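Participant: Hey, dropping coords02.txt in here, compact mmCIF, N, CA and C atoms and all ligand atoms:
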# COMPACT_ATOMS: atom_id res chain seq x y z
N MET A 1 -14.26 9.64 25.68
CA MET A 1 -15.42 9.40 24.81
C MET A 1 -15.25 8.07 24.07
N GLU A 2 -16.30 7.30 24.02
CA GLU A 2 -16.27 6.05 23.27
C GLU A 2 -16.09 6.37 21.78
N ILE A 3 -15.46 5.45 21.09
CA ILE A 3 -15.20 5.69 19.67
C ILE A 3 -16.51 5.84 18.89
N ASP A 4 -17.52 5.05 19.25
CA ASP A 4 -18.81 5.15 18.57
C ASP A 4 -19.43 6.53 18.77
N GLU A 5 -19.30 7.06 19.99
CA GLU A 5 -19.83 8.40 20.28
C GLU A 5 -19.09 9.45 19.49
N LEU A 6 -17.77 9.29 19.41
CA LEU A 6 -16.94 10.25 18.66
C LEU A 6 -17.39 10.26 17.19
N TYR A 7 -17.56 9.07 16.63
CA TYR A 7 -17.99 8.97 15.24
C TYR A 7 -19.37 9.58 15.05
N GLN A 8 -20.26 9.33 16.02
CA GLN A 8 -21.61 9.89 15.94
C GLN A 8 -21.54 11.42 15.95
N THR A 9 -20.65 11.96 16.79
CA THR A 9 -20.49 13.40 16.89
C THR A 9 -19.99 14.00 15.58
N ILE A 10 -19.03 13.31 14.95
CA ILE A 10 -18.47 13.80 13.68
C ILE A 10 -19.57 13.84 12.62
N ILE A 11 -20.37 12.77 12.54
CA ILE A 11 -21.42 12.69 11.52
C ILE A 11 -22.47 13.78 11.76
N LEU A 12 -22.89 13.94 13.01
CA LEU A 12 -23.88 14.98 13.33
C LEU A 12 -23.36 16.36 12.99
N ASP A 13 -22.12 16.62 13.37
CA ASP A 13 -21.50 17.92 13.13
C ASP A 13 -21.48 18.24 11.63
N HIS A 14 -21.01 17.27 10.84
CA HIS A 14 -20.90 17.52 9.39
C HIS A 14 -22.24 17.53 8.68
N SER A 15 -23.23 16.83 9.23
CA SER A 15 -24.55 16.87 8.58
C SER A 15 -25.26 18.18 8.88
N LYS A 16 -25.01 18.72 10.08
CA LYS A 16 -25.66 19.99 10.45
C LYS A 16 -24.91 21.20 9.91
N ARG A 17 -23.59 21.10 9.86
CA ARG A 17 -22.76 22.20 9.36
C ARG A 17 -21.82 21.67 8.28
N PRO A 18 -22.38 21.30 7.12
CA PRO A 18 -21.52 20.74 6.07
C PRO A 18 -20.43 21.72 5.65
N ARG A 19 -19.20 21.23 5.52
CA ARG A 19 -18.07 22.06 5.10
C ARG A 19 -18.07 22.15 3.57
N ASN A 20 -17.51 23.25 3.08
CA ASN A 20 -17.40 23.46 1.63
C ASN A 20 -18.76 23.36 0.93
N PHE A 21 -19.78 23.88 1.61
CA PHE A 21 -21.13 23.83 1.03
C PHE A 21 -21.35 25.06 0.17
N GLY A 22 -21.79 24.85 -1.07
CA GLY A 22 -22.03 25.96 -1.98
C GLY A 22 -21.65 25.55 -3.38
N GLU A 23 -21.72 26.49 -4.30
CA GLU A 23 -21.40 26.19 -5.70
C GLU A 23 -20.09 26.87 -6.10
N LEU A 24 -19.50 26.36 -7.17
CA LEU A 24 -18.37 27.04 -7.82
C LEU A 24 -18.84 27.45 -9.20
N PRO A 25 -18.46 28.65 -9.64
CA PRO A 25 -18.87 29.11 -10.97
C PRO A 25 -18.12 28.35 -12.07
N ALA A 26 -18.68 28.37 -13.29
CA ALA A 26 -17.95 27.83 -14.44
C ALA A 26 -16.64 28.59 -14.56
N PRO A 27 -15.56 27.96 -15.02
CA PRO A 27 -15.50 26.64 -15.67
C PRO A 27 -15.30 25.46 -14.71
N ALA A 28 -15.71 25.58 -13.47
CA ALA A 28 -15.58 24.43 -12.57
C ALA A 28 -16.34 23.24 -13.14
N ARG A 29 -15.82 22.06 -12.87
CA ARG A 29 -16.51 20.84 -13.28
C ARG A 29 -17.65 20.55 -12.31
N LYS A 30 -18.71 19.93 -12.83
CA LYS A 30 -19.87 19.62 -12.00
C LYS A 30 -20.28 18.16 -12.21
N GLY A 31 -20.49 17.47 -11.11
CA GLY A 31 -21.01 16.11 -11.18
C GLY A 31 -22.20 15.99 -10.26
N GLU A 32 -23.19 15.20 -10.67
CA GLU A 32 -24.41 15.09 -9.87
C GLU A 32 -24.70 13.64 -9.50
N GLY A 33 -25.38 13.49 -8.38
CA GLY A 33 -25.79 12.16 -7.97
C GLY A 33 -27.17 12.20 -7.37
N TYR A 34 -27.94 11.14 -7.62
CA TYR A 34 -29.29 11.04 -7.08
C TYR A 34 -29.50 9.63 -6.55
N ASN A 35 -30.01 9.53 -5.36
CA ASN A 35 -30.26 8.24 -4.73
C ASN A 35 -31.76 8.10 -4.49
N PRO A 36 -32.48 7.45 -5.42
CA PRO A 36 -33.94 7.40 -5.32
C PRO A 36 -34.45 6.67 -4.08
N SER A 37 -33.67 5.72 -3.55
CA SER A 37 -34.17 4.95 -2.41
C SER A 37 -34.24 5.81 -1.14
N CYS A 38 -33.51 6.92 -1.12
CA CYS A 38 -33.51 7.77 0.07
C CYS A 38 -33.96 9.20 -0.26
N GLY A 39 -33.84 9.59 -1.53
CA GLY A 39 -34.18 10.94 -1.93
C GLY A 39 -33.00 11.90 -1.90
N ASP A 40 -31.80 11.37 -1.69
CA ASP A 40 -30.60 12.22 -1.64
C ASP A 40 -30.27 12.79 -3.02
N GLU A 41 -29.97 14.08 -3.04
CA GLU A 41 -29.52 14.74 -4.27
C GLU A 41 -28.29 15.55 -3.94
N ILE A 42 -27.20 15.31 -4.68
CA ILE A 42 -25.93 15.99 -4.43
C ILE A 42 -25.33 16.48 -5.75
N ALA A 43 -24.82 17.70 -5.75
CA ALA A 43 -24.03 18.18 -6.88
C ALA A 43 -22.66 18.59 -6.33
N VAL A 44 -21.60 18.11 -6.98
CA VAL A 44 -20.24 18.40 -6.56
C VAL A 44 -19.57 19.28 -7.62
N PHE A 45 -18.92 20.32 -7.17
CA PHE A 45 -18.21 21.26 -8.06
C PHE A 45 -16.72 21.18 -7.78
N VAL A 46 -15.92 21.07 -8.85
CA VAL A 46 -14.48 20.92 -8.68
C VAL A 46 -13.75 21.95 -9.53
N GLY A 47 -12.85 22.67 -8.90
CA GLY A 47 -11.95 23.56 -9.63
C GLY A 47 -10.55 22.99 -9.58
N GLU A 48 -9.98 22.77 -10.76
CA GLU A 48 -8.65 22.16 -10.84
C GLU A 48 -7.57 23.23 -10.98
N SER A 49 -6.41 22.94 -10.43
CA SER A 49 -5.25 23.79 -10.68
C SER A 49 -4.68 23.43 -12.04
N SER A 50 -3.72 24.23 -12.52
CA SER A 50 -3.12 23.94 -13.83
C SER A 50 -2.38 22.61 -13.81
N SER A 51 -1.94 22.18 -12.63
CA SER A 51 -1.22 20.89 -12.55
C SER A 51 -2.17 19.72 -12.35
N GLY A 52 -3.48 19.98 -12.34
CA GLY A 52 -4.44 18.88 -12.31
C GLY A 52 -4.83 18.40 -10.92
N THR A 53 -4.51 19.19 -9.90
CA THR A 53 -4.97 18.80 -8.57
C THR A 53 -6.30 19.50 -8.25
N ILE A 54 -7.01 18.93 -7.29
CA ILE A 54 -8.29 19.49 -6.89
C ILE A 54 -8.01 20.70 -5.99
N GLU A 55 -8.10 21.87 -6.59
CA GLU A 55 -7.76 23.10 -5.87
C GLU A 55 -8.93 23.60 -5.04
N GLN A 56 -10.12 23.51 -5.64
CA GLN A 56 -11.34 23.94 -4.96
C GLN A 56 -12.37 22.84 -5.11
N ILE A 57 -13.15 22.63 -4.05
CA ILE A 57 -14.25 21.67 -4.16
C ILE A 57 -15.39 22.13 -3.26
N LYS A 58 -16.58 22.12 -3.82
CA LYS A 58 -17.78 22.49 -3.07
C LYS A 58 -18.91 21.56 -3.45
N PHE A 59 -19.94 21.55 -2.64
CA PHE A 59 -21.10 20.75 -3.01
C PHE A 59 -22.38 21.40 -2.51
N THR A 60 -23.45 21.07 -3.18
CA THR A 60 -24.78 21.51 -2.75
C THR A 60 -25.69 20.28 -2.78
N GLY A 61 -26.87 20.45 -2.24
CA GLY A 61 -27.83 19.37 -2.33
C GLY A 61 -28.69 19.25 -1.09
N GLN A 62 -29.62 18.32 -1.19
CA GLN A 62 -30.50 17.99 -0.08
C GLN A 62 -30.36 16.50 0.13
N ALA A 63 -29.99 16.13 1.33
CA ALA A 63 -29.70 14.72 1.56
C ALA A 63 -29.83 14.39 3.04
N CYS A 64 -29.86 13.10 3.33
CA CYS A 64 -29.93 12.64 4.73
C CYS A 64 -28.60 12.91 5.43
N ALA A 65 -28.59 12.71 6.73
CA ALA A 65 -27.41 13.02 7.55
C ALA A 65 -26.19 12.24 7.09
N ILE A 66 -26.37 10.96 6.77
CA ILE A 66 -25.23 10.12 6.34
C ILE A 66 -24.62 10.68 5.06
N CYS A 67 -25.48 11.01 4.11
CA CYS A 67 -25.03 11.50 2.80
C CYS A 67 -24.36 12.86 2.93
N MET A 68 -24.97 13.75 3.69
CA MET A 68 -24.39 15.09 3.93
C MET A 68 -23.02 14.97 4.57
N ALA A 69 -22.94 14.18 5.63
CA ALA A 69 -21.68 14.05 6.38
C ALA A 69 -20.60 13.42 5.51
N SER A 70 -20.97 12.38 4.77
CA SER A 70 -19.99 11.69 3.93
C SER A 70 -19.44 12.63 2.87
N THR A 71 -20.32 13.43 2.25
CA THR A 71 -19.88 14.34 1.18
C THR A 71 -19.05 15.48 1.76
N SER A 72 -19.46 16.00 2.91
CA SER A 72 -18.70 17.06 3.57
C SER A 72 -17.29 16.58 3.92
N LEU A 73 -17.21 15.38 4.51
CA LEU A 73 -15.90 14.81 4.88
C LEU A 73 -15.07 14.53 3.64
N MET A 74 -15.72 14.10 2.57
CA MET A 74 -15.02 13.83 1.31
C MET A 74 -14.33 15.09 0.78
N THR A 75 -15.05 16.22 0.81
CA THR A 75 -14.47 17.45 0.25
C THR A 75 -13.19 17.82 0.99
N ILE A 76 -13.18 17.61 2.30
CA ILE A 76 -11.98 17.91 3.09
C ILE A 76 -10.85 16.97 2.72
N GLN A 77 -11.20 15.71 2.53
CA GLN A 77 -10.19 14.67 2.34
C GLN A 77 -9.55 14.70 0.94
N VAL A 78 -10.29 15.16 -0.08
CA VAL A 78 -9.72 15.11 -1.45
C VAL A 78 -9.11 16.44 -1.90
N LYS A 79 -9.33 17.51 -1.13
CA LYS A 79 -8.78 18.81 -1.52
C LYS A 79 -7.27 18.73 -1.57
N GLY A 80 -6.69 19.21 -2.68
CA GLY A 80 -5.25 19.19 -2.83
C GLY A 80 -4.73 17.92 -3.46
N LYS A 81 -5.59 16.93 -3.63
CA LYS A 81 -5.16 15.66 -4.24
C LYS A 81 -5.32 15.73 -5.77
N SER A 82 -4.58 14.87 -6.46
CA SER A 82 -4.78 14.73 -7.89
C SER A 82 -6.08 13.96 -8.10
N ILE A 83 -6.59 14.00 -9.33
CA ILE A 83 -7.84 13.29 -9.62
C ILE A 83 -7.64 11.79 -9.42
N ALA A 84 -6.50 11.27 -9.86
CA ALA A 84 -6.23 9.83 -9.69
C ALA A 84 -6.20 9.47 -8.21
N GLU A 85 -5.59 10.33 -7.40
CA GLU A 85 -5.54 10.07 -5.95
C GLU A 85 -6.93 10.09 -5.34
N ALA A 86 -7.75 11.05 -5.80
CA ALA A 86 -9.11 11.16 -5.27
C ALA A 86 -9.93 9.93 -5.62
N LEU A 87 -9.77 9.43 -6.85
CA LEU A 87 -10.54 8.25 -7.27
C LEU A 87 -10.02 6.99 -6.57
N ALA A 88 -8.73 6.96 -6.27
CA ALA A 88 -8.18 5.83 -5.50
C ALA A 88 -8.77 5.84 -4.09
N LEU A 89 -8.92 7.05 -3.53
CA LEU A 89 -9.49 7.17 -2.18
C LEU A 89 -10.96 6.73 -2.19
N LYS A 90 -11.64 7.02 -3.28
CA LYS A 90 -13.04 6.57 -3.42
C LYS A 90 -13.10 5.04 -3.32
N ARG A 91 -12.19 4.38 -4.03
CA ARG A 91 -12.18 2.91 -3.99
C ARG A 91 -11.86 2.41 -2.57
N THR A 92 -10.89 3.06 -1.92
CA THR A 92 -10.54 2.67 -0.55
C THR A 92 -11.75 2.82 0.36
N PHE A 93 -12.48 3.92 0.20
CA PHE A 93 -13.64 4.20 1.05
C PHE A 93 -14.75 3.16 0.83
N ILE A 94 -15.02 2.85 -0.44
CA ILE A 94 -16.08 1.88 -0.74
C ILE A 94 -15.68 0.48 -0.24
N ASP A 95 -14.41 0.11 -0.44
CA ASP A 95 -13.93 -1.17 0.10
C ASP A 95 -14.08 -1.20 1.62
N PHE A 96 -13.73 -0.07 2.25
CA PHE A 96 -13.82 0.04 3.70
C PHE A 96 -15.25 -0.21 4.18
N LEU A 97 -16.23 0.31 3.41
CA LEU A 97 -17.63 0.14 3.80
C LEU A 97 -18.17 -1.25 3.49
N MET A 98 -17.56 -1.93 2.52
CA MET A 98 -18.13 -3.20 2.06
C MET A 98 -17.39 -4.43 2.56
N GLN A 99 -16.15 -4.25 2.98
CA GLN A 99 -15.36 -5.41 3.40
C GLN A 99 -14.93 -5.24 4.84
N GLU A 100 -15.18 -6.27 5.61
CA GLU A 100 -14.94 -6.22 7.05
C GLU A 100 -13.50 -5.85 7.38
N ALA A 101 -12.53 -6.44 6.65
CA ALA A 101 -11.13 -6.28 7.02
C ALA A 101 -10.37 -5.29 6.14
N ALA A 102 -11.09 -4.49 5.36
CA ALA A 102 -10.41 -3.57 4.45
C ALA A 102 -9.68 -2.48 5.22
N PRO A 103 -8.49 -2.06 4.74
CA PRO A 103 -7.76 -1.00 5.42
C PRO A 103 -8.44 0.36 5.23
N ALA A 104 -8.19 1.27 6.17
CA ALA A 104 -8.81 2.59 6.12
C ALA A 104 -7.76 3.66 5.84
N THR A 105 -6.68 3.28 5.16
CA THR A 105 -5.55 4.17 4.92
C THR A 105 -5.99 5.45 4.20
N GLY A 106 -5.68 6.58 4.81
CA GLY A 106 -5.95 7.87 4.16
C GLY A 106 -7.37 8.37 4.31
N LEU A 107 -8.21 7.63 5.01
CA LEU A 107 -9.62 8.03 5.09
C LEU A 107 -9.89 9.10 6.15
N GLY A 108 -8.99 9.22 7.13
CA GLY A 108 -9.20 10.24 8.17
C GLY A 108 -10.55 10.09 8.83
N ASN A 109 -11.25 11.22 9.00
CA ASN A 109 -12.54 11.19 9.69
C ASN A 109 -13.63 10.46 8.91
N LEU A 110 -13.37 10.14 7.65
CA LEU A 110 -14.35 9.35 6.89
C LEU A 110 -14.59 7.99 7.55
N GLN A 111 -13.67 7.57 8.41
CA GLN A 111 -13.86 6.32 9.14
C GLN A 111 -15.09 6.37 10.03
N ALA A 112 -15.54 7.58 10.33
CA ALA A 112 -16.75 7.74 11.13
C ALA A 112 -17.96 7.12 10.46
N LEU A 113 -17.87 6.93 9.12
CA LEU A 113 -18.99 6.34 8.38
C LEU A 113 -18.99 4.81 8.49
N GLY A 114 -18.03 4.27 9.23
CA GLY A 114 -17.89 2.81 9.33
C GLY A 114 -19.15 2.11 9.82
N GLY A 115 -19.98 2.82 10.59
CA GLY A 115 -21.22 2.24 11.09
C GLY A 115 -22.16 1.80 9.98
N VAL A 116 -21.96 2.36 8.78
CA VAL A 116 -22.80 2.02 7.63
C VAL A 116 -22.64 0.54 7.24
N LYS A 117 -21.48 -0.03 7.63
CA LYS A 117 -21.25 -1.46 7.35
C LYS A 117 -22.42 -2.31 7.83
N LYS A 118 -23.03 -1.89 8.93
CA LYS A 118 -24.12 -2.68 9.52
C LYS A 118 -25.45 -2.40 8.83
N PHE A 119 -25.47 -1.39 7.96
CA PHE A 119 -26.73 -1.01 7.29
C PHE A 119 -26.50 -0.90 5.78
N PRO A 120 -26.39 -2.04 5.11
CA PRO A 120 -26.04 -2.03 3.67
C PRO A 120 -27.00 -1.18 2.84
N GLN A 121 -28.22 -1.02 3.29
CA GLN A 121 -29.18 -0.23 2.50
C GLN A 121 -28.81 1.26 2.54
N ARG A 122 -27.91 1.66 3.47
CA ARG A 122 -27.47 3.06 3.52
C ARG A 122 -26.18 3.28 2.75
N LEU A 123 -25.67 2.22 2.13
CA LEU A 123 -24.41 2.33 1.40
C LEU A 123 -24.47 3.42 0.32
N LYS A 124 -25.60 3.48 -0.38
CA LYS A 124 -25.76 4.49 -1.43
C LYS A 124 -25.70 5.90 -0.85
N CYS A 125 -26.26 6.08 0.35
CA CYS A 125 -26.22 7.39 1.01
C CYS A 125 -24.77 7.81 1.25
N ALA A 126 -23.97 6.85 1.73
CA ALA A 126 -22.59 7.15 2.11
C ALA A 126 -21.68 7.35 0.91
N THR A 127 -22.06 6.82 -0.25
CA THR A 127 -21.16 6.88 -1.41
C THR A 127 -21.63 7.84 -2.50
N LEU A 128 -22.82 8.42 -2.33
CA LEU A 128 -23.39 9.25 -3.41
C LEU A 128 -22.48 10.43 -3.78
N GLY A 129 -21.96 11.11 -2.78
CA GLY A 129 -21.09 12.25 -3.05
C GLY A 129 -19.86 11.86 -3.85
N TRP A 130 -19.36 10.64 -3.58
CA TRP A 130 -18.18 10.14 -4.30
C TRP A 130 -18.50 9.84 -5.75
N HIS A 131 -19.70 9.29 -5.97
CA HIS A 131 -20.10 9.04 -7.36
C HIS A 131 -20.26 10.37 -8.12
N ALA A 132 -20.79 11.37 -7.42
CA ALA A 132 -20.93 12.69 -8.04
C ALA A 132 -19.56 13.27 -8.36
N LEU A 133 -18.61 13.07 -7.45
CA LEU A 133 -17.24 13.55 -7.69
C LEU A 133 -16.66 12.88 -8.93
N GLU A 134 -16.81 11.58 -9.02
CA GLU A 134 -16.30 10.86 -10.19
C GLU A 134 -16.99 11.35 -11.46
N GLY A 135 -18.31 11.63 -11.34
CA GLY A 135 -19.06 12.12 -12.48
C GLY A 135 -18.51 13.44 -13.01
N ALA A 136 -17.96 14.25 -12.09
CA ALA A 136 -17.40 15.54 -12.50
C ALA A 136 -16.20 15.36 -13.43
N PHE A 137 -15.57 14.20 -13.38
CA PHE A 137 -14.37 13.96 -14.21
C PHE A 137 -14.64 13.09 -15.42
N LYS A 138 -15.91 12.70 -15.60
CA LYS A 138 -16.23 11.81 -16.72
C LYS A 138 -15.84 12.46 -18.06
N GLY A 139 -15.29 11.66 -18.92
CA GLY A 139 -14.92 12.17 -20.22
C GLY A 139 -13.55 12.82 -20.23
N ARG A 140 -12.89 12.80 -19.07
CA ARG A 140 -11.62 13.47 -18.97
C ARG A 140 -10.48 12.46 -18.80
N MET A 141 -10.75 11.40 -18.06
CA MET A 141 -9.70 10.46 -17.70
C MET A 141 -9.15 9.71 -18.91
ZN ZN B 1 -29.67 9.00 2.31
Would you mind writing the file out in structure tokens?
Ligand code: ZN

Facilitator:
Amino acid sequence: MEIDELYQTIILDHSKRPRNFGELPAPARKGEGYNPSCGDEIAVFVGESSSGTIEQIKFTGQACAICMASTSLMTIQVKGKSIAEALALKRTFIDFLMQEAAPATGLGNLQALGGVKKFPQRLKCATLGWHALEGAFKGRM
């Protein structure tokens, strides 16, 4: 399979069957994101362990395929990480999407979103879930 086809398959799969889809009850943290240019709406729920790692993460919302897939892949990639590690991964992901030669260290299947590089107007779709995740930690860091 060509790498582009593989990436397309990953995005389709996660947009149609988003992983970790649903809500977490309080006292889980909640962060929200809205992308008016596309109509994407995402809410991310995070349950922390006593040691401060992301023990549980879920999301809900209505969004385009890029946004759904990116948020679904994000939940898989940040589970078990500390908040600082998750926010570092956010920066890596955004750099990866915005800079031609940026490294993709630790991104795993999130690299499937690399096609967004060619469509800067979809950047907000690909990063909305991450902004919602960061929003869940606002006032804490
Ligand atoms: Zn979108």

Participant: Just list as a VMD selection string whatever in region 27-140 of chain A DSSP marks as helix (DSSP H, G or I).

Facilitator: chain A and resid 65 to 78 83 to 98 108 to 118 120 to 136

Participant: Dump the neighbourhood of ligand ZN 1 (chain B) as an MDAnalysis selection string: all residues within 8 Å, distances computed on only N, CA and C atoms and all ligand atoms.

Facilitator: chainID A and resid 35 37:41 62:68 121:126

Participant: Ser49 (chain A): which residues within 10 Å, counting only C-alpha atoms, same-chain residues fewer than 5 positions away excluded, as a list in words?

Facilitator: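 The contact residues come out as Ile54, Glu55, Gln56, Gly80 and Ser82 of chain A.
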
Participant: Would you mind exporting N, CA and C atoms of the selected residues as a PDB file, keeping the file's coordinate frame?

Facilitator:
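Heads up, here's the output in part.pdb:
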ATOM      1  N   ILE A  54      -7.010  18.930  -7.290  1.00  0.00           N
ATOM      2  CA  ILE A  54      -8.290  19.490  -6.890  1.00  0.00           C
ATOM      3  C   ILE A  54      -8.010  20.700  -5.990  1.00  0.00           C
ATOM      4  N   GLU A  55      -8.100  21.870  -6.590  1.00  0.00           N
ATOM      5  CA  GLU A  55      -7.760  23.100  -5.870  1.00  0.00           C
ATOM      6  C   GLU A  55      -8.930  23.600  -5.040  1.00  0.00           C
ATOM      7  N   GLN A  56     -10.120  23.510  -5.640  1.00  0.00           N
ATOM      8  CA  GLN A  56     -11.340  23.940  -4.960  1.00  0.00           C
ATOM      9  C   GLN A  56     -12.370  22.840  -5.110  1.00  0.00           C
ATOM     10  N   GLY A  80      -6.690  19.210  -2.680  1.00  0.00           N
ATOM     11  CA  GLY A  80      -5.250  19.190  -2.830  1.00  0.00           C
ATOM     12  C   GLY A  80      -4.730  17.920  -3.460  1.00  0.00           C
ATOM     13  N   SER A  82      -4.580  14.870  -6.460  1.00  0.00           N
ATOM     14  CA  SER A  82      -4.780  14.730  -7.890  1.00  0.00           C
ATOM     15  C   SER A  82      -6.080  13.960  -8.100  1.00  0.00           C
TER      16      SER A  82
END

Participant: What lies within 7 Å of region 72-77 of chain A using only N, CA and C atoms, ignoring chain neighbours under 6 positions off, as a ChimeraX atom specification?

Facilitator: /A:14,18-20,57-58,107,109-110

Participant: Which of these, A:Gly129, A:Gln111, A:Lys16, A:Glu100, has the shortest distance to Tyr34 (chain A) once you count only N, CA and C atoms?

Facilitator: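 Closest to Tyr34 (chain A) of all the choices is A:Gly129.
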
Participant: How many Å lie between CA of Phe119 (chain A) and atom N of Phe137 (chain A), rounded to one decimal?

Facilitator: 28.0 Å

Participant: Could you tell me how far atom C of Glu48 (chain A) lies from atom N of Lys30 (chain A), in Å and to one decimal?

Facilitator: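 Calculated distance between atom C of Glu48 (chain A) and atom N of Lys30 (chain A) is 11.8 Å.
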
Participant: Need the neighbours of (-21.3, 8.5, 13.8): which residues are at most 9 Å away, counting only C-alpha atoms, as a list of chain:residue names?

Facilitator: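 Answer for this query, in the requested form: A:Ile3, A:Asp4, A:Glu5, A:Leu6, A:Tyr7, A:Gln8, A:Thr9, A:Ile10, A:Ile11, A:Leu12, A:Ile66, A:Ala112, A:Leu113, A:Gly114, A:Gly115.
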
Participant: If I take CA of Phe21 (chain A) and CA of Gly108 (chain A), how far is one from the other in Å, to one decimal?

Facilitator: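 These two atoms are separated by 19.4 Å.
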
Participant: Just list the residues in chain A DSSP gives strand (DSSP E) on the backbone, as a ChimeraX atom specification.

Facilitator: /A:29-35,40-48,54-62

Participant: Which residue, A:Ser70, A:Gly52, A:Gly47, A:Phe59, has the smallest gap to Thr127 (chain A) when you use all atoms listed in the file?

Facilitator: A:Ser70

Participant: When you count all atoms listed in the file, which of these residues is closest to Lys90 (chain A): A:His131, A:Val116, A:Val44, A:Arg29?

Facilitator: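 Counting all atoms listed in the file, the residue closest to Lys90 (chain A) is A:His131.
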
Participant: Need to verify the contact set: Lys117 (chain A), 7 Å, all atoms listed in the file, exclusion of same-chain residues closer than 5 positions in sequence. Can you return it as number ranges by chain?

Facilitator: A: 96-98

Participant: From the set A:Glu23, A:Asp95, A:Glu85, A:Glu32, which residue has the shortest atom-to-atom contact distance to Gly135 (chain A), counting only C-alpha atoms?

Facilitator: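 That would be A:Glu32, the residue with the smallest distance to Gly135 (chain A).
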
Participant: May I ask you to restore N, CA, C and O atoms in region 36-48 of chain A and write the result as a short mmCIF file (atom, residue, chain, number, x, y, z; two decimals), in the frame of the given file?

Facilitator:
data_model
loop_
_atom_site.label_atom_id
_atom_site.label_comp_id
_atom_site.auth_asym_id
_atom_site.auth_seq_id
_atom_site.Cartn_x
_atom_site.Cartn_y
_atom_site.Cartn_z
N PRO A 36 -32.48 7.45 -5.42
CA PRO A 36 -33.94 7.40 -5.32
C PRO A 36 -34.45 6.67 -4.08
O PRO A 36 -35.54 6.99 -3.59
N SER A 37 -33.67 5.72 -3.55
CA SER A 37 -34.17 4.95 -2.41
C SER A 37 -34.24 5.81 -1.14
O SER A 37 -34.96 5.47 -0.21
N CYS A 38 -33.51 6.92 -1.12
CA CYS A 38 -33.51 7.77 0.07
C CYS A 38 -33.96 9.20 -0.26
O CYS A 38 -34.42 9.92 0.61
N GLY A 39 -33.84 9.59 -1.53
CA GLY A 39 -34.18 10.94 -1.93
C GLY A 39 -33.00 11.90 -1.90
O GLY A 39 -33.18 13.10 -2.04
N ASP A 40 -31.80 11.37 -1.69
CA ASP A 40 -30.60 12.22 -1.64
C ASP A 40 -30.27 12.79 -3.02
O ASP A 40 -30.26 12.06 -4.01
N GLU A 41 -29.97 14.08 -3.04
CA GLU A 41 -29.52 14.74 -4.27
C GLU A 41 -28.29 15.55 -3.94
O GLU A 41 -28.31 16.39 -3.03
N ILE A 42 -27.20 15.31 -4.68
CA ILE A 42 -25.93 15.99 -4.43
C ILE A 42 -25.33 16.48 -5.75
O ILE A 42 -25.37 15.76 -6.75
N ALA A 43 -24.82 17.70 -5.75
CA ALA A 43 -24.03 18.18 -6.88
C ALA A 43 -22.66 18.59 -6.33
O ALA A 43 -22.57 19.30 -5.33
N VAL A 44 -21.60 18.11 -6.98
CA VAL A 44 -20.24 18.40 -6.56
C VAL A 44 -19.57 19.28 -7.62
O VAL A 44 -19.67 18.99 -8.81
N PHE A 45 -18.92 20.32 -7.17
CA PHE A 45 -18.21 21.26 -8.06
C PHE A 45 -16.72 21.18 -7.78
O PHE A 45 -16.31 21.22 -6.61
N VAL A 46 -15.92 21.07 -8.85
CA VAL A 46 -14.48 20.92 -8.68
C VAL A 46 -13.75 21.95 -9.53
O VAL A 46 -14.02 22.07 -10.73
N GLY A 47 -12.85 22.67 -8.90
CA GLY A 47 -11.95 23.56 -9.63
C GLY A 47 -10.55 22.99 -9.58
O GLY A 47 -10.02 22.73 -8.51
N GLU A 48 -9.98 22.77 -10.76
CA GLU A 48 -8.65 22.16 -10.84
C GLU A 48 -7.57 23.23 -10.98
O GLU A 48 -7.78 24.25 -11.63
#
